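Read through the structure below, which is laid out as structure tokens, and then see the notes.
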Amino acid sequence: GFARKLVSKSYGEAGSFAYDEVGSYVVVQGYGWIWKGDTGDMDFHESELPWAYLSVFNSKVFEALLSCHCPRVRGGQFDLMQKYVNQISLPNLADEVSVNADCVQELARLGRQIHLGKWPEEKVLTELAAHVYGLSVEDIFGVEG
């Protein structure tokens with residue numbers, strides 16, 4: 001069968017990521033991101049992790065990280081080519097020691113909303129995404145909220 005994957009546009013920012021939960025799509029003008037990390041005995045795609053990562057990728061926190069590694073193209077969007085995006089460290093959401101399981105569950109809930117086209121409140125998503133990176137919103141943006 002086809003691979004289940006997170007996908008992105010070729011050029012974008014927060015809001016440019018989606019999850020192909022069935023693996024039924026071929027990415028033509030964009031990128032497919034296939035999980036290669038260690039989740040122990042847990043199947044990544046049978047867990048809440050893809051949904052939680054979908055939230056992180058669509059957050060302003062991840063957009064701030066994109067701005068550090070990805071060049072901008074005309075129109076101000078980021079070039080989401082693999083050679084740039086792969087430089088960004090991801091939090092290990094499968095590690096319940098370093099990332100609170102309740103936070104992962106809430107990110108997954110928001111990811112499912114995003115999948116349905118119902119965007120969560122940006123402040124909530126930003127705070128959760130900052131938290132899984134072990135940072136505060138102030139650490140990232142220098143001001144509250």
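Within each chain, counting starts at residue 1; across the structure tokens, chains are named A, B, ... in the order shown, with ligands numbered 1 upward in that order.
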Within 10 Å of stretch 127-143 of chain A, which residues of stretch 8-77 of chain A show up? Give each one with its shortest atom-to-atom distance in Å (one decimal) and the two atoms involved, counting only C-alpha atoms, rows by chain then rising residue number, as a Markdown table.
```
| residue | atom | partner | partner_atom | distance |
| --- | --- | --- | --- | --- |
| A:Ala52 | CA | A:Ala129 | CA | 9.3 |
| A:Tyr53 | CA | A:Ala129 | CA | 9.3 |
| A:Ser55 | CA | A:Ala129 | CA | 7.7 |
| A:Val56 | CA | A:Ala129 | CA | 5.4 |
| A:Phe57 | CA | A:Ala129 | CA | 8.7 |
| A:Asn58 | CA | A:Ala129 | CA | 9.4 |
| A:Ser59 | CA | A:Ala129 | CA | 6.7 |
| A:Lys60 | CA | A:Ala129 | CA | 8.3 |
| A:Val61 | CA | A:Ala130 | CA | 6.2 |
| A:Phe62 | CA | A:Ala129 | CA | 7.8 |
| A:Ala64 | CA | A:Ile140 | CA | 7.8 |
| A:Leu65 | CA | A:Ile140 | CA | 9.3 |
```
Next on the checklist: Env of A:Tyr31: 7 Å cut, atoms = only C-alpha atoms, seq-sep filter 3 positions within chain, self excluded. Answer as a list of chain:residue names.
Outcome noted: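 Skipping anything fewer than 3 positions along the chain leaves A:Val7, A:Ser8, A:Lys9, A:Ser10, A:Val27.
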Next on the checklist: From a backbone DSSP assignment, name each residue in stretch 19-54 of chain A labelled helix (DSSP H, G or I), as a ChimeraX atom specification.
Outcome noted: /A:44-46,49-54
Item to check | Distance of atom CA of A:Ala14 from atom CA of A:Glu63, expressed in Å to one decimal place | outcome: 5.5 Å
Item to check | All residues 8 Å or closer to stretch 115-123 of chain A, only C-alpha atoms, same chain fewer than 3 positions away omitted, as a list in words | outcome: Ala18, Tyr19, Ser59, Lys60, Leu110, Gly111, Arg112, Thr126, Glu127 and Gly145 of chain A
Preceding selection exported with all heavy atoms as a short mmCIF file (atom, residue, chain, number, x, y, z; two decimals), in the first residue's frame:
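Output saved as again35.cif:
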```cif
data_model
loop_
_atom_site.label_atom_id
_atom_site.label_comp_id
_atom_site.auth_asym_id
_atom_site.auth_seq_id
_atom_site.Cartn_x
_atom_site.Cartn_y
_atom_site.Cartn_z
N ALA A 18 -0.40 19.02 6.30
CA ALA A 18 -1.58 18.17 6.44
C ALA A 18 -1.12 16.75 6.75
O ALA A 18 0.07 16.44 6.68
CB ALA A 18 -2.41 18.20 5.16
N TYR A 19 -2.08 15.88 7.07
CA TYR A 19 -1.76 14.48 7.34
C TYR A 19 -2.59 13.59 6.43
O TYR A 19 -3.81 13.69 6.39
CB TYR A 19 -2.04 14.15 8.82
CG TYR A 19 -1.76 12.71 9.20
CD1 TYR A 19 -0.56 12.10 8.85
CD2 TYR A 19 -2.68 11.97 9.91
CE1 TYR A 19 -0.29 10.78 9.20
CE2 TYR A 19 -2.43 10.65 10.27
CZ TYR A 19 -1.23 10.07 9.91
OH TYR A 19 -0.96 8.76 10.26
N SER A 59 2.00 25.36 13.74
CA SER A 59 2.06 26.40 14.77
C SER A 59 3.00 27.54 14.38
O SER A 59 3.88 27.38 13.53
CB SER A 59 2.53 25.80 16.10
OG SER A 59 3.92 25.47 16.02
N LYS A 60 2.80 28.67 15.02
CA LYS A 60 3.70 29.82 14.82
C LYS A 60 5.09 29.52 15.38
O LYS A 60 6.08 30.10 14.95
CB LYS A 60 3.13 31.07 15.48
CG LYS A 60 1.88 31.59 14.79
CD LYS A 60 2.18 32.07 13.38
CE LYS A 60 0.96 32.65 12.71
NZ LYS A 60 1.22 33.04 11.32
N LEU A 110 -6.12 18.95 18.72
CA LEU A 110 -6.08 20.13 17.85
C LEU A 110 -5.70 19.73 16.42
O LEU A 110 -6.23 20.29 15.46
CB LEU A 110 -5.10 21.16 18.39
CG LEU A 110 -5.44 21.76 19.76
CD1 LEU A 110 -4.35 22.74 20.19
CD2 LEU A 110 -6.81 22.42 19.76
N GLY A 111 -4.81 18.75 16.28
CA GLY A 111 -4.42 18.26 14.96
C GLY A 111 -5.59 17.67 14.21
O GLY A 111 -5.74 17.86 13.00
N ARG A 112 -6.43 16.94 14.92
CA ARG A 112 -7.63 16.39 14.28
C ARG A 112 -8.59 17.51 13.85
O ARG A 112 -9.23 17.41 12.81
CB ARG A 112 -8.33 15.40 15.23
CG ARG A 112 -7.54 14.11 15.39
CD ARG A 112 -8.26 13.15 16.34
NE ARG A 112 -7.45 12.00 16.64
CZ ARG A 112 -7.32 10.93 15.86
NH1 ARG A 112 -7.95 10.88 14.72
NH2 ARG A 112 -6.56 9.92 16.21
N THR A 126 0.07 27.91 19.99
CA THR A 126 1.42 28.45 20.18
C THR A 126 1.98 28.03 21.53
O THR A 126 3.13 27.59 21.63
CB THR A 126 1.41 29.98 20.04
OG1 THR A 126 0.94 30.32 18.73
CG2 THR A 126 2.80 30.57 20.23
N GLU A 127 1.17 28.15 22.58
CA GLU A 127 1.64 27.79 23.92
C GLU A 127 1.97 26.30 24.03
O GLU A 127 2.99 25.93 24.61
CB GLU A 127 0.60 28.19 24.96
CG GLU A 127 0.53 29.69 25.15
CD GLU A 127 -0.61 30.13 26.06
OE1 GLU A 127 -1.44 29.29 26.48
OE2 GLU A 127 -0.68 31.35 26.34
N GLY A 145 2.34 36.12 24.51
CA GLY A 145 1.29 35.79 23.56
C GLY A 145 1.61 36.23 22.18
O GLY A 145 1.00 36.14 21.22
#
```
Next on the checklist: Show me, as an NGL selection string, the residues that have an atom within 7 Å of stretch 74-87 of chain A when counting only C-alpha atoms, minus same-chain residues fewer than 2 positions from it.
Outcome noted: :A and (10-13 or 66 or 69-72 or 89)
